[in-house]
$ cat query_30.txt   # compact mmCIF, C-alpha atoms
# COMPACT_ATOMS: atom_id res chain seq x y z
CA MET A 22 82.65 82.29 94.08
CA LEU A 23 81.71 85.88 93.24
CA ARG A 24 83.42 89.16 94.05
CA GLN A 25 81.66 92.48 94.37
CA ILE A 26 83.39 95.07 92.17
CA ALA A 27 82.74 98.69 93.10
CA LEU A 28 83.15 102.20 91.81
CA LEU A 29 84.93 104.45 94.30
CA VAL A 30 84.23 108.16 93.94
CA TYR A 31 86.55 110.64 95.61
CA PRO A 32 84.87 114.09 95.66
CA ALA A 33 86.65 117.01 94.01
CA ARG A 34 88.69 119.19 96.32
CA ALA A 35 88.13 122.30 94.23
CA SER A 36 85.29 123.90 92.33
CA LYS A 37 84.21 122.87 88.87
CA LEU A 38 85.24 126.33 87.70
CA ASN A 39 88.91 125.38 87.77
CA GLY A 40 88.49 122.12 85.87
CA VAL A 41 88.40 119.64 88.76
CA ARG A 42 85.86 116.84 88.99
CA ALA A 43 85.44 113.86 91.29
CA HIS A 44 88.01 111.08 90.86
CA TRP A 45 86.72 107.64 89.83
CA ALA A 46 88.41 104.28 90.33
CA LEU A 47 87.36 100.62 90.39
CA PHE A 48 87.90 98.48 93.47
CA VAL A 49 88.21 94.70 93.25
CA PRO A 50 88.24 93.05 96.69
CA SER A 51 90.52 90.15 97.51
CA SER A 52 89.01 86.72 98.08
CA SER A 53 89.85 86.89 101.79
CA ALA A 54 88.78 90.44 102.72
CA GLU A 55 85.99 92.61 101.34
CA THR A 56 87.79 95.82 102.33
CA LYS A 57 91.22 95.00 100.92
CA GLY A 58 92.04 94.44 97.27
CA THR A 59 93.17 96.18 94.09
CA LEU A 60 92.32 99.71 92.99
CA ILE A 61 92.27 100.16 89.21
CA GLN A 62 92.60 103.79 88.15
CA VAL A 63 94.13 106.35 85.86
CA LEU A 64 95.91 109.20 87.61
CA GLY A 65 97.12 112.48 86.22
CA THR A 66 95.88 115.87 85.18
CA PRO A 67 94.38 117.42 82.05
CA PHE A 68 97.65 119.37 81.77
CA THR A 69 99.97 116.33 81.78
CA GLY A 70 97.82 113.39 80.73
CA TYR A 71 97.08 110.25 82.73
CA GLY A 72 98.68 106.91 83.53
CA LEU A 73 97.11 103.56 84.42
CA GLU A 74 97.95 101.97 87.74
CA PHE A 75 96.92 98.99 89.80
CA LYS A 76 97.22 99.70 93.52
CA ARG A 77 97.75 96.34 95.22
CA GLY A 78 96.78 95.77 98.83
CA TYR A 79 94.49 98.79 98.81
CA ASP A 80 92.72 98.87 102.18
CA LEU A 81 89.42 100.75 102.27
CA GLU A 82 89.53 100.90 106.06
CA SER A 83 92.79 102.84 106.06
CA VAL A 84 91.84 105.38 103.36
CA ARG A 85 91.89 108.84 104.89
CA GLU A 86 90.18 110.57 102.00
CA LYS A 87 86.42 110.79 101.93
CA PHE A 88 84.91 108.54 99.25
CA GLN A 89 81.64 107.00 98.15
CA LYS A 90 81.37 103.34 97.24
CA HIS A 91 78.90 102.27 94.56
CA VAL A 92 78.57 98.54 93.94
CA LEU A 93 78.70 97.81 90.22
CA GLY A 94 77.93 94.13 90.57
CA ASP A 95 79.30 90.68 91.17
CA ILE A 96 81.94 89.17 88.94
CA GLU A 97 83.12 85.60 88.76
CA GLU A 98 86.40 84.91 90.45
CA ARG A 99 87.88 83.55 87.20
CA TRP A 100 88.11 87.14 85.90
CA VAL A 101 90.13 88.52 88.82
CA ALA A 102 93.18 87.42 90.78
CA ASP A 103 94.35 88.17 94.27
CA ALA A 104 97.32 90.48 94.12
CA ASP A 105 100.14 89.61 96.47
CA GLY A 106 101.78 92.43 98.36
CA ASN A 107 101.20 96.15 98.43
CA GLY A 108 102.12 99.02 96.18
CA VAL A 109 101.58 100.34 92.70
CA ASP A 110 101.91 98.15 89.64
CA ILE A 111 101.41 98.79 85.94
CA GLN A 112 101.46 95.16 84.79
CA PRO A 113 98.03 93.46 84.57
CA ARG A 114 97.61 90.19 86.47
CA ASP A 115 94.09 89.10 85.50
CA GLU A 116 91.48 89.48 82.76
CA VAL A 117 89.87 92.63 84.17
CA GLU A 118 93.28 94.30 84.40
CA LYS A 119 94.21 93.15 80.90
CA TRP A 120 91.08 94.85 79.54
CA ALA A 121 91.96 97.98 81.55
CA LYS A 122 95.42 98.00 79.96
CA ARG A 123 93.87 97.91 76.45
CA ILE A 124 91.86 101.10 76.97
CA GLU A 125 93.69 104.25 75.92
CA VAL A 126 94.40 106.50 78.88
CA PRO A 127 93.38 110.17 78.63
CA GLY A 128 96.05 112.44 77.22
CA VAL A 129 96.76 116.14 77.53
CA HIS A 130 93.61 118.24 77.00
CA LYS A 131 93.30 121.14 74.60
CA GLU A 132 91.17 122.93 77.23
CA PRO A 133 92.53 121.65 80.56
CA LEU A 134 90.51 124.11 82.67
CA ASN A 135 87.22 123.13 81.06
CA PRO A 136 85.77 120.20 83.08
CA SER A 137 83.36 119.43 80.23
CA SER A 138 86.03 118.84 77.60
CA GLY A 139 88.25 115.86 76.92
CA ARG A 140 88.58 112.52 78.65
CA ARG A 141 89.53 112.15 82.29
CA CYS A 142 89.36 109.36 84.85
CA GLN A 143 85.56 109.30 84.74
CA GLU A 144 85.39 108.71 81.00
CA TRP A 145 88.18 106.14 81.14
CA THR A 146 86.41 104.26 83.95
CA ARG A 147 83.15 104.31 81.97
CA ASP A 148 84.99 102.92 78.93
CA LEU A 149 86.38 100.09 81.05
CA VAL A 150 83.01 99.23 82.58
CA GLU A 151 81.38 99.24 79.14
CA VAL A 152 84.04 96.84 77.83
CA LEU A 153 83.49 94.57 80.85
CA VAL A 154 79.74 94.62 80.15
CA LYS A 155 80.30 93.85 76.46
CA ARG A 156 82.53 90.89 77.42
CA GLY A 157 79.91 89.52 79.84
CA ILE A 158 82.07 90.13 82.90
CA LEU A 159 79.67 92.71 84.38
CA LEU A 160 75.94 93.18 83.86
CA GLU A 161 74.44 96.09 81.91
CA SER A 162 73.10 97.51 85.19
CA SER A 163 76.70 98.50 86.03
CA VAL A 164 76.47 101.35 83.53
CA GLN A 165 73.36 102.64 85.31
CA VAL A 166 75.37 102.77 88.54
CA LEU A 167 77.91 105.01 86.79
CA ASP A 168 75.10 107.28 85.60
CA TYR A 169 73.76 107.49 89.14
CA ALA A 170 77.20 108.31 90.57
CA LYS A 171 77.64 111.03 87.94
CA SER A 172 74.25 112.54 88.83
CA LEU A 173 75.39 112.92 92.45
CA GLU A 174 78.40 115.05 91.51
CA GLY A 175 78.05 118.48 93.02
CA VAL A 176 75.06 117.47 95.20
CA GLY A 177 75.59 118.67 98.73
CA ALA A 178 78.84 120.43 97.85

$ encode --input "query_30.txt" --output "structure tokens"
Amino acid sequence: MLRQIALLVYPARASKLNGVRAHWALFVPSSSAETKGTLIQVLGTPFTGYGLEFKRGYDLESVREKFQKHVLGDIEERWVADADGNGVDIQPRDEVEKWAKRIEVPGVHKEPLNPSSGRRCQEWTRDLVEVLVKRGILLESSVQVLDYAKSLEGVGA
């Protein structure tokens, strides 16, 4: 059985002039519900650095924030596990999460107000997707989806 992994993009709440960009996260649906699953993301700020988290029981239908969903592709069920319960976790439970844990999270930036400098959630997410492509978990076309999502940033704002 396959699961459809997606990039979720939460638009920036402030202008690019103050160093804020759209937030990126990966969503892995559970085997029983396409709209409920695990959100894989790094959260933080360029001022403080970021931390990796796995949000279990994440329900797309109850998210109040506006977001865009971009399908990255199908992955085999052997790479992902259903997470029991709800809440935030930092311990990986499947292969995709183990690869996420191996990628260095962005630290404090030298120029935190410059949205073009340093690594943030977008760069970390790209690193993860590229590792998943290299490992044969996702197809190369997943990277093109990231490029497309990036090209939409600021459109219609």

$ residues_near_point --input "query_30.txt" --point "(87.0, 111.1, 95.5)" --cutoff "10 Å" --atoms "all atoms listed in the file" --output "list in words"
Leu29, Val30, Tyr31, Pro32, Ala33, Arg34, Arg42, Ala43, His44, Trp45, Ala46, Glu86, Lys87, Phe88, Gln89 and Lys90 of chain A

$ closest_residue --input "query_30.txt" --among "A:Arg99, A:Arg147, A:Lys57, A:Lys119" --to "Asp80 (chain A)" --atoms "all atoms listed in the file"
A:Lys57

$ atom_distance --input "query_30.txt" --atom1 "CA of Glu144 (chain A)" --atom2 "CA of Ser52 (chain A)"
28.1 Å

$ residues_around --input "query_30.txt" --residues "Gly139 (chain A)" --least-positions-apart "2" --cutoff "7 Å" --atoms "all atoms listed in the file" --output "number ranges by chain"
A: 130, 137, 141

$ residues_around --input "query_30.txt" --residues "Ala27 (chain A)" --least-positions-apart "5" --cutoff "7 Å" --atoms "only C-alpha atoms" --output "ChimeraX atom specification"
/A:47-49,90-93

$ closest_residue --input "query_30.txt" --among "A:Leu134, A:Leu160, A:Val109, A:Val126" --to "Tyr71 (chain A)" --atoms "only C-alpha atoms"
A:Val126

$ residues_around --input "query_30.txt" --residues "Gly157 (chain A)" --least-positions-apart "3" --cutoff "12 Å" --atoms "all atoms listed in the file" --output "number ranges by chain"
A: 94-97, 100, 116-117, 150-154, 160-163

$ write_last_selection --input "query_30.txt" --atoms "C-alpha atoms" --output "compact mmCIF listing (two decimals), in the coordinates of the input"
# COMPACT_ATOMS: atom_id res chain seq x y z
CA GLY A 94 77.93 94.13 90.57
CA ASP A 95 79.30 90.68 91.17
CA ILE A 96 81.94 89.17 88.94
CA GLU A 97 83.12 85.60 88.76
CA TRP A 100 88.11 87.14 85.90
CA GLU A 116 91.48 89.48 82.76
CA VAL A 117 89.87 92.63 84.17
CA VAL A 150 83.01 99.23 82.58
CA GLU A 151 81.38 99.24 79.14
CA VAL A 152 84.04 96.84 77.83
CA LEU A 153 83.49 94.57 80.85
CA VAL A 154 79.74 94.62 80.15
CA LEU A 160 75.94 93.18 83.86
CA GLU A 161 74.44 96.09 81.91
CA SER A 162 73.10 97.51 85.19
CA SER A 163 76.70 98.50 86.03

$ closest_residue --input "query_30.txt" --among "A:Leu73, A:Leu81, A:Ile124, A:Met22" --to "Thr56 (chain A)" --atoms "all atoms listed in the file"
A:Leu81

$ residues_near_point --input "query_30.txt" --point "(93.5, 93.9, 96.8)" --cutoff "7 Å" --atoms "all atoms listed in the file" --output "list of chain:residue names"
A:Val49, A:Pro50, A:Ser51, A:Lys57, A:Gly58, A:Thr59, A:Arg77, A:Gly78, A:Tyr79, A:Asp103, A:Ala104

$ residues_around --input "query_30.txt" --residues "Glu74 (chain A)" --least-positions-apart "3" --cutoff "7 Å" --atoms "only C-alpha atoms" --output "list in words"
Ile61, Gln62, Val63, Val109, Asp110 and Ile111 of chain A

$ atom_distance --input "query_30.txt" --atom1 "CA of Leu149 (chain A)" --atom2 "CA of Glu98 (chain A)"
17.9 Å

$ atom_distance --input "query_30.txt" --atom1 "CA of Pro136 (chain A)" --atom2 "CA of Thr66 (chain A)"
11.2 Å

$ closest_residue --input "query_30.txt" --among "A:Ser83, A:Ser138, A:Thr146, A:Ser172" --to "Pro67 (chain A)" --atoms "all atoms listed in the file"
A:Ser138

$ closest_residue --input "query_30.txt" --among "A:Glu82, A:Asp148, A:Glu132, A:Glu55" --to "Val164 (chain A)" --atoms "only C-alpha atoms"
A:Asp148
